[in-house]
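J.: Dumping the structure here so I can ask a few things about it.
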Amino acid sequence: MQLKLACRNIFRNRRRTTLTLLAISFGCASLIINGGIIYFIFRGLREDAIHGRYGHVQIYKRGYIEKHQAQPFDHMISNAEFEEIKLMLGGLSHVEEATGRLEFAGLMSYGGKNVSFLGYGVEADKDTRFNTMLSIVEGEGLSAQEPRGVILGKGLAARLQIRAGDFATLLMNTHDGDYNAVDVRVRGIFEGGLKEFDDWVMKIPLEKAQELLALNEIQSVVVLLDKTENTEAAKELLLDAVARRNLDLEMTTWPEHALFYNQVVSMFGKELDVVKVIISIIVILSIINSLTMSIYERTREIGAIMAIGAPRSKVLRMFVLEGLVFGVIGGLIGVVAGIGIGSVISYIGIPMPPPPASTRPFIAQVDIIPAVVFSSFLIAVSSSVLASIYPAYRASRLRIVDALRYV
Amino acid sequence: MRILMREIDDRQSALVAESVVSLRGVTKIFHAGKARVVALKKISLEIGAGEFAAVVGPSGSGKTTLLNLIGCLDQPDSGSIVIDGLEVERLSSRALASLRAEKIGLIFQNFNLIPVLSVGENVEYPLLLRSRPPDKGKRRWMVEEILVELGIESLIDRRPNELSGGQCQRAAIARALITRPRIVLADEPTSSLDSRTGASILELMKSLNRQRGVTFIFSTHDLKLVEMADRVIEMCDGEIQGSLSW
Ligand SMILES: Nc1ncnc2c1ncn2[C@@H]1O[C@H](COP(=O)(O)OP(=O)(O)OP(=O)(O)O)[C@@H](O)[C@H]1O
Ligand SMILES: [Mg+2]
């Protein structure tokens with residue numbers, strides 16, 4: 001009966017109720033859509049970091065993580081160990097691919113200019129699969145057929161004013177201190193999305209890199225998984241397998257490298273909170289307005305129900321229940337609208353400028369995240385209930401005789 | 001028509017076999033801005049079980065104020081009110097609400113039915129306010145019974161705005177009686193109705209009074225209706241001028 005009464009009372013004034021529900025559902029839907037776009041950007045940055053640079057899991061020789069800044073070539077994985085690791089990975093679930101990497105620094109000279117670079121020795125035939133987020137903007141990608149063919153980040157190429165097809169000279173220290181120089185051909189120029197990366201990185205086939213550095217080792221094995229969500233589970237499996245095989249290895253996962261991603265997440269997380277507060281205030285104001293007007297119009301009726309024996313607490317609960325019903329109906333409409341509009345937006349796509357520190361514009365979509373949908377609904381409901389308390393209290397404090405005389 | 005008055009003093013009224021309403025020295029003062037209106041001046045009154053009493057008097061004489069105090073809708077500034085053995089001033093707001101729910105039925109001039117509820121639901125509503133509401137089936141049965149008794153069973157699913165004034169007031173009477181209260185208070189129950197409908201409403205109230213022994217106290221301006229009362233309390237300027245019973 002109470003619920004029936006609340007629902008019917010709400011729909012007494014259709015126009016006002018429609019407006020109030022519109023405000024609540026609009027708020028709820030915009031939380032879902034706003035959150036969805038931000039989560040889409042998060043996902044983009046995350047996958048960018050994973051499929052453009054770091055992979056999901058990185059395996060190193062024990063000691064590398066701590067010491068590699070000072071002694072980059074002291075803790076290395078030998079080619080033999082690399083083979084064993086590949087064997088081990090082959091039998092693990094979630095693991096899709098693995099590749100070896102070797103990082104080094106050097107100078108690149110072209111046309112009288114010397115520019116320092118960060119070299120990535122990568123397995124040429126696997127690189128494109130590991131770097132789906134990396135696009136070749138000029139020329140073509142690495143090839144095992146051309147060991148001397150390298151690709152450069154867009155920023156690095158610009159600094160050298162070099163183009164695909166040109167030859168350049170690399171100059172670097174071997175791991176034991178000698179100098180080594182070699183001519184390479186620029187096969188292509190890539191854009192990875194992160195400006196810092198594009199400004200510094202040159203990729204070169206792994207065997208060539210080992211030859212240049214006079215090494216038979218690699219620094220890391222980068223692992224790609226079926227899904228990013230499985231990172232922690234896969235890491236557990238990997239640690240287990242490593243222990244069983246008695247390998248002297250350690251590992252990291254992508255969040256430890258994707259510092260930029262972490263910063264963006266914490267910053268936009270705050271922004272999401274601000275939006276939540278704003279939306280709550282809108283919901284609260286519209287509910288207060290609606291219930292206050294409704295109480296005003298129903299003064300005599302409230303007097304009558306108290307006169308026939310309803311205690312004040314019942315009147316209070318009656319209006320809080322109306323707030324709750326407002327919140328639930330508005331929230332449900334908002335959830336449906338948010339998911340619906342979000343899907344349409346995803347289908348059409350919103351062209352967006354490059355996100356912070358990125359070089360590429362992108363087409364935004366709306367990720368429908370269950371937790372976001374749920375929290376948006378919860379915000380709609382809790383703000384509505386919260387907002388109803390004050391008007392409900394006022395209604396419950398009316399003097400019966402005055403309320404009955406009210407015209 | 002002239003009504004013969006007979007003063008009844010406190011001693012006599014105390015003789016009333018079983019009094020359900022007892023007022024002693026009740027004063028009610030209103031403050032409207034700076035003005036101070038003494039709406040009731042040291043009123044003493046006893047009303048016995050099963051009486052059918054009319055409160056009459058000119059406008060502003062204090063009829064509504066008196067009925068509100070008896071109905072525990074308001075508190076006196078001084079004096080004591082005892083309703084069915086309970087001293088009202090000692091009761092908390094919650095206890096007063098429950099007293100109203102259990103012992104008092106109210107009928108209003110403008111019906112005050114809840115517009116979003118059907119007649120059946122309006123009549124059922126007070127049952128839900130009792131400290132131990134009967135179960136759904138019992139409630140349904142009680143509602144049907146009283147609607148049949150008042151001849152409005154066909155209106156059970158209608159909303160108040162689909163009813164005539166007389167039908168509304170019948171529904172309101174059903175709502176007032178469903179909890180089988182000791183006392184039913186009606187402040188000008190007929191003045192929103194035409195005189196024939198008003199008379200039939202009052203006849204209905206009187207027959208309920210006779211059949212069920214419920215105490216009725218109603219106020220009215222209509223002297224024809226006063227004839228139906230078996231006691232008339234005449235008020236003037238916040239005082240009881242006379243009380244006539246036969
Ligand atoms: N809430 C109030 N504030 C101020 N004065 C009031 C209030 N209620 C009643 N009064 C005053 O108390 C006096 C008695 O009023 P009451 O309503 O009891 O008269 P009544 O006999 O019912 O009149 P009517 O026949 O017009 O209904 C009047 O002078 C009225 O102005
Ligand atoms: Mg009056």
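Ordering of the structure tokens sets the chain letters (A, B, ...); residue numbers start at 1 within each chain; ligands are numbered from 1 in the order shown.
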Could you tell me which residues of chain B sit within 10 Å of chain A when counting only C-alpha atoms, and give me the result as a PyMOL selection string?
T.: chain B and resi 64-65+68-69+71-74+93-108+110-117+121+124-130+175-176
J.: Could you name the residues that touch Ile146 of chain B at 9 Å or less, counting only C-alpha atoms, but leaving out those on the same chain fewer than 6 positions away, as a ChimeraX atom specification?
T.: /B:123,152-153,174-175,177-178
J.: Could you name the residues that touch Ala233 of chain A at 12 Å or less, counting only C-alpha atoms, but leaving out those on the same chain fewer than 2 positions away, as an NGL selection string?
T.: :A and (56-57 or 92-95 or 225-231 or 235-240 or 253)
J.: Do you know which residues are at most 10 Å from Gly165 of chain B counting only C-alpha atoms, after dropping those on the same chain fewer than 6 positions away, and could you put them as a list in words?
T.: Asn110, Phe111, Ala171, Thr190, Ser192, Leu193, Asp194, Thr197 and Gly198 of chain B
J.: I'd like the contact shell of Ser78 of chain B - 8 Å cut-off, only C-alpha atoms, skipping same-chain residues fewer than 5 positions apart - returned as a ChimeraX atom specification.
T.: /B:25-28
J.: Select the residues contacting ligand 2 at a distance of at most 9 Å, based on only C-alpha atoms and all ligand atoms, then format the selection as a list in words.
T.: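 With only C-alpha atoms and all ligand atoms and a cut-off of 9 Å, ligand 2 is contacted by Ser59, Gly60, Ser61, Gly62, Lys63, Thr64, Thr65, Leu67, Asp187, Glu188, Ser219 and Thr220 of chain B.
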J.: Take the residues just selected and output them with N, CA, C and O atoms as a short mmCIF file (atom, residue, chain, number, x, y, z; two decimals), in the first residue's frame.
T.:
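The resulting selection36.cif:
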```cif
data_model
loop_
_atom_site.label_atom_id
_atom_site.label_comp_id
_atom_site.auth_asym_id
_atom_site.auth_seq_id
_atom_site.Cartn_x
_atom_site.Cartn_y
_atom_site.Cartn_z
N SER B 59 -20.73 31.61 13.68
CA SER B 59 -19.39 31.47 13.15
C SER B 59 -18.37 32.09 14.09
O SER B 59 -18.60 33.18 14.62
N GLY B 60 -17.31 31.41 14.32
CA GLY B 60 -16.28 31.93 15.21
C GLY B 60 -16.53 31.65 16.67
O GLY B 60 -15.79 32.09 17.53
N SER B 61 -17.57 30.88 16.97
CA SER B 61 -17.90 30.65 18.37
C SER B 61 -17.01 29.58 19.01
O SER B 61 -17.03 29.41 20.22
N GLY B 62 -16.29 28.84 18.20
CA GLY B 62 -15.35 27.88 18.77
C GLY B 62 -15.69 26.43 18.54
O GLY B 62 -15.11 25.54 19.15
N LYS B 63 -16.63 26.17 17.62
CA LYS B 63 -17.06 24.78 17.38
C LYS B 63 -15.90 23.91 16.87
O LYS B 63 -15.63 22.82 17.39
N THR B 64 -15.24 24.44 15.84
CA THR B 64 -14.14 23.67 15.26
C THR B 64 -13.03 23.46 16.28
O THR B 64 -12.47 22.36 16.41
N THR B 65 -12.75 24.52 17.01
CA THR B 65 -11.70 24.42 18.02
C THR B 65 -12.03 23.33 19.04
O THR B 65 -11.19 22.51 19.41
N LEU B 67 -14.03 20.71 18.64
CA LEU B 67 -13.94 19.37 18.05
C LEU B 67 -12.49 18.95 17.83
O LEU B 67 -12.13 17.79 18.03
N ASP B 187 -16.96 17.72 11.82
CA ASP B 187 -17.07 19.18 11.82
C ASP B 187 -17.77 19.62 10.55
O ASP B 187 -17.22 19.51 9.45
N GLU B 188 -18.99 20.06 10.71
CA GLU B 188 -19.83 20.48 9.59
C GLU B 188 -19.83 19.46 8.46
O GLU B 188 -19.47 19.76 7.32
N SER B 219 -20.79 19.20 14.35
CA SER B 219 -21.15 20.61 14.40
C SER B 219 -21.93 20.93 13.15
O SER B 219 -21.77 20.28 12.11
N THR B 220 -22.82 21.90 13.25
CA THR B 220 -23.59 22.27 12.07
C THR B 220 -24.15 23.67 12.22
O THR B 220 -24.26 24.21 13.32
#
```
J.: Got a sec to tell me which of segment 61-223 of chain B DSSP assigns to helix (DSSP H, G or I), as number ranges by chain?
T.: B: 63-70, 88-90, 93-103, 119-128, 136-149, 153-155, 160-162, 165-177, 195-212, 223
J.: What separation in Å, quoted to one decimal, exists between atom CA of Arg148 of chain A and atom CA of Val184 of chain A?
T.: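 Going from atom CA of Arg148 of chain A over to atom CA of Val184 of chain A covers 5.0 Å.
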J.: Just give me the gap between atom CA of Leu324 of chain A and atom CA of Val385 of chain A in Å, one decimal is fine.
T.: 5.1 Å
J.: For Ala214 of chain A, work out the shell of residues within 10 Å, counting only C-alpha atoms and skipping chain neighbours fewer than 3 positions away, then give it as an MDAnalysis selection string.
T.: chainID A and resid 173:176 178 180 208:211 217
J.: How many Å lie between atom CA of Ser131 of chain B and atom CA of Leu91 of chain B, rounded to one decimal?
T.: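 Separation of atom CA of Ser131 of chain B and atom CA of Leu91 of chain B: 15.9 Å.
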J.: Got a sec to tell me which of segment 295-380 of chain A DSSP assigns to strand (DSSP E), as number ranges by chain?
T.: A: 350-352, 362-364
J.: Those same residues - N, CA, C and O atoms - I'd like them written as a tab-separated table (two decimals), in the first residue's frame.
T.:
```tsv
chain	number	residue	atom	x	y	z
A	350	ILE	N	32.97	9.37	-31.79
A	350	ILE	CA	33.18	10.82	-31.72
A	350	ILE	C	34.64	11.10	-32.06
A	350	ILE	O	35.53	10.60	-31.37
A	351	PRO	N	34.91	11.88	-33.09
A	351	PRO	CA	36.30	12.22	-33.38
A	351	PRO	C	36.84	13.09	-32.25
A	351	PRO	O	36.20	14.06	-31.86
A	352	MET	N	38.00	12.71	-31.72
A	352	MET	CA	38.56	13.45	-30.59
A	352	MET	C	39.96	13.89	-30.93
A	352	MET	O	40.67	13.24	-31.70
A	362	PHE	N	41.85	10.47	-32.11
A	362	PHE	CA	41.24	9.15	-32.10
A	362	PHE	C	39.73	9.27	-32.15
A	362	PHE	O	39.16	10.36	-32.02
A	363	ILE	N	39.09	8.15	-32.38
A	363	ILE	CA	37.63	8.11	-32.41
A	363	ILE	C	37.18	7.54	-31.07
A	363	ILE	O	37.45	6.39	-30.75
A	364	ALA	N	36.47	8.38	-30.31
A	364	ALA	CA	36.08	7.92	-28.97
A	364	ALA	C	34.84	7.03	-29.05
A	364	ALA	O	33.95	7.24	-29.87
```
J.: List the spatial neighbours of Val275 of chain A as JSON, numbers by chain - criterion: any atom at most 12 Å away, only C-alpha atoms, same-chain residues fewer than 2 positions off excluded.
T.: {"A": [27, 28, 30, 31, 32, 33, 34, 35, 38, 268, 269, 270, 271, 272, 273, 277, 278, 279, 280, 281, 282, 376, 379]}
J.: Selected residues, N, CA, C and O atoms, written as an mmCIF file, in the first residue's frame, please.
T.:
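Output file out32.cif is given in full below:
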```cif
data_model
loop_
_atom_site.group_PDB
_atom_site.id
_atom_site.type_symbol
_atom_site.label_atom_id
_atom_site.label_comp_id
_atom_site.auth_asym_id
_atom_site.auth_seq_id
_atom_site.Cartn_x
_atom_site.Cartn_y
_atom_site.Cartn_z
ATOM 1 N N GLY A 27 21.056 12.849 -15.514
ATOM 2 C CA GLY A 27 22.261 12.796 -14.690
ATOM 3 C C GLY A 27 22.880 11.410 -14.693
ATOM 4 O O GLY A 27 24.086 11.251 -14.896
ATOM 5 N N CYS A 28 22.044 10.414 -14.504
ATOM 6 C CA CYS A 28 22.528 9.038 -14.445
ATOM 7 C C CYS A 28 23.137 8.632 -15.786
ATOM 8 O O CYS A 28 24.238 8.078 -15.851
ATOM 9 N N SER A 30 24.336 10.602 -18.097
ATOM 10 C CA SER A 30 25.587 11.295 -18.427
ATOM 11 C C SER A 30 26.752 10.742 -17.620
ATOM 12 O O SER A 30 27.879 10.706 -18.107
ATOM 13 N N LEU A 31 26.470 10.280 -16.397
ATOM 14 C CA LEU A 31 27.545 9.618 -15.642
ATOM 15 C C LEU A 31 28.022 8.369 -16.372
ATOM 16 O O LEU A 31 29.217 8.100 -16.463
ATOM 17 N N ILE A 32 27.053 7.619 -16.888
ATOM 18 C CA ILE A 32 27.419 6.374 -17.584
ATOM 19 C C ILE A 32 28.222 6.682 -18.847
ATOM 20 O O ILE A 32 29.246 6.060 -19.123
ATOM 21 N N ILE A 33 27.757 7.710 -19.586
ATOM 22 C CA ILE A 33 28.427 8.024 -20.846
ATOM 23 C C ILE A 33 29.795 8.656 -20.587
ATOM 24 O O ILE A 33 30.806 8.264 -21.182
ATOM 25 N N ASN A 34 29.814 9.611 -19.667
ATOM 26 C CA ASN A 34 31.092 10.254 -19.340
ATOM 27 C C ASN A 34 32.099 9.228 -18.829
ATOM 28 O O ASN A 34 33.243 9.166 -19.294
ATOM 29 N N GLY A 35 31.638 8.403 -17.895
ATOM 30 C CA GLY A 35 32.506 7.351 -17.371
ATOM 31 C C GLY A 35 32.936 6.399 -18.483
ATOM 32 O O GLY A 35 34.090 5.990 -18.550
ATOM 33 N N ILE A 38 35.637 7.964 -20.630
ATOM 34 C CA ILE A 38 36.910 7.997 -19.910
ATOM 35 C C ILE A 38 37.514 6.604 -19.795
ATOM 36 O O ILE A 38 38.707 6.401 -20.015
ATOM 37 N N PHE A 268 42.018 11.461 -14.047
ATOM 38 C CA PHE A 268 40.645 11.400 -14.544
ATOM 39 C C PHE A 268 39.710 10.759 -13.537
ATOM 40 O O PHE A 268 38.516 11.028 -13.530
ATOM 41 N N GLY A 269 40.268 9.927 -12.677
ATOM 42 C CA GLY A 269 39.461 9.365 -11.603
ATOM 43 C C GLY A 269 38.900 10.495 -10.744
ATOM 44 O O GLY A 269 37.729 10.515 -10.397
ATOM 45 N N LYS A 270 39.737 11.487 -10.469
ATOM 46 C CA LYS A 270 39.293 12.653 -9.696
ATOM 47 C C LYS A 270 38.236 13.423 -10.467
ATOM 48 O O LYS A 270 37.237 13.855 -9.904
ATOM 49 N N GLU A 271 38.491 13.564 -11.759
ATOM 50 C CA GLU A 271 37.544 14.307 -12.578
ATOM 51 C C GLU A 271 36.180 13.619 -12.544
ATOM 52 O O GLU A 271 35.150 14.272 -12.442
ATOM 53 N N LEU A 272 36.203 12.302 -12.595
ATOM 54 C CA LEU A 272 34.939 11.555 -12.519
ATOM 55 C C LEU A 272 34.206 11.837 -11.213
ATOM 56 O O LEU A 272 32.994 11.991 -11.190
ATOM 57 N N ASP A 273 34.966 11.929 -10.132
ATOM 58 C CA ASP A 273 34.359 12.230 -8.834
ATOM 59 C C ASP A 273 33.686 13.597 -8.853
ATOM 60 O O ASP A 273 32.601 13.778 -8.321
ATOM 61 N N VAL A 277 29.750 14.527 -8.148
ATOM 62 C CA VAL A 277 29.221 15.496 -7.183
ATOM 63 C C VAL A 277 28.264 16.464 -7.878
ATOM 64 O O VAL A 277 27.172 16.741 -7.381
ATOM 65 N N ILE A 278 28.678 16.947 -9.055
ATOM 66 C CA ILE A 278 27.820 17.899 -9.773
ATOM 67 C C ILE A 278 26.466 17.267 -10.091
ATOM 68 O O ILE A 278 25.414 17.854 -9.848
ATOM 69 N N ILE A 279 26.514 16.046 -10.586
ATOM 70 C CA ILE A 279 25.267 15.365 -10.947
ATOM 71 C C ILE A 279 24.401 15.137 -9.704
ATOM 72 O O ILE A 279 23.191 15.350 -9.735
ATOM 73 N N SER A 280 25.046 14.745 -8.597
ATOM 74 C CA SER A 280 24.262 14.550 -7.365
ATOM 75 C C SER A 280 23.549 15.830 -6.980
ATOM 76 O O SER A 280 22.386 15.805 -6.589
ATOM 77 N N ILE A 281 24.255 16.953 -7.110
ATOM 78 C CA ILE A 281 23.635 18.221 -6.715
ATOM 79 C C ILE A 281 22.427 18.516 -7.601
ATOM 80 O O ILE A 281 21.365 18.920 -7.115
ATOM 81 N N ILE A 282 22.576 18.264 -8.898
ATOM 82 C CA ILE A 282 21.443 18.496 -9.803
ATOM 83 C C ILE A 282 20.258 17.628 -9.379
ATOM 84 O O ILE A 282 19.127 18.096 -9.271
ATOM 85 N N SER A 376 26.505 4.706 -11.082
ATOM 86 C CA SER A 376 25.668 5.822 -11.544
ATOM 87 C C SER A 376 24.242 5.645 -11.034
ATOM 88 O O SER A 376 23.610 6.601 -10.567
ATOM 89 N N ILE A 379 24.159 6.434 -7.394
ATOM 90 C CA ILE A 379 24.208 7.873 -7.132
ATOM 91 C C ILE A 379 22.830 8.486 -7.336
ATOM 92 O O ILE A 379 22.361 9.288 -6.525
#
```
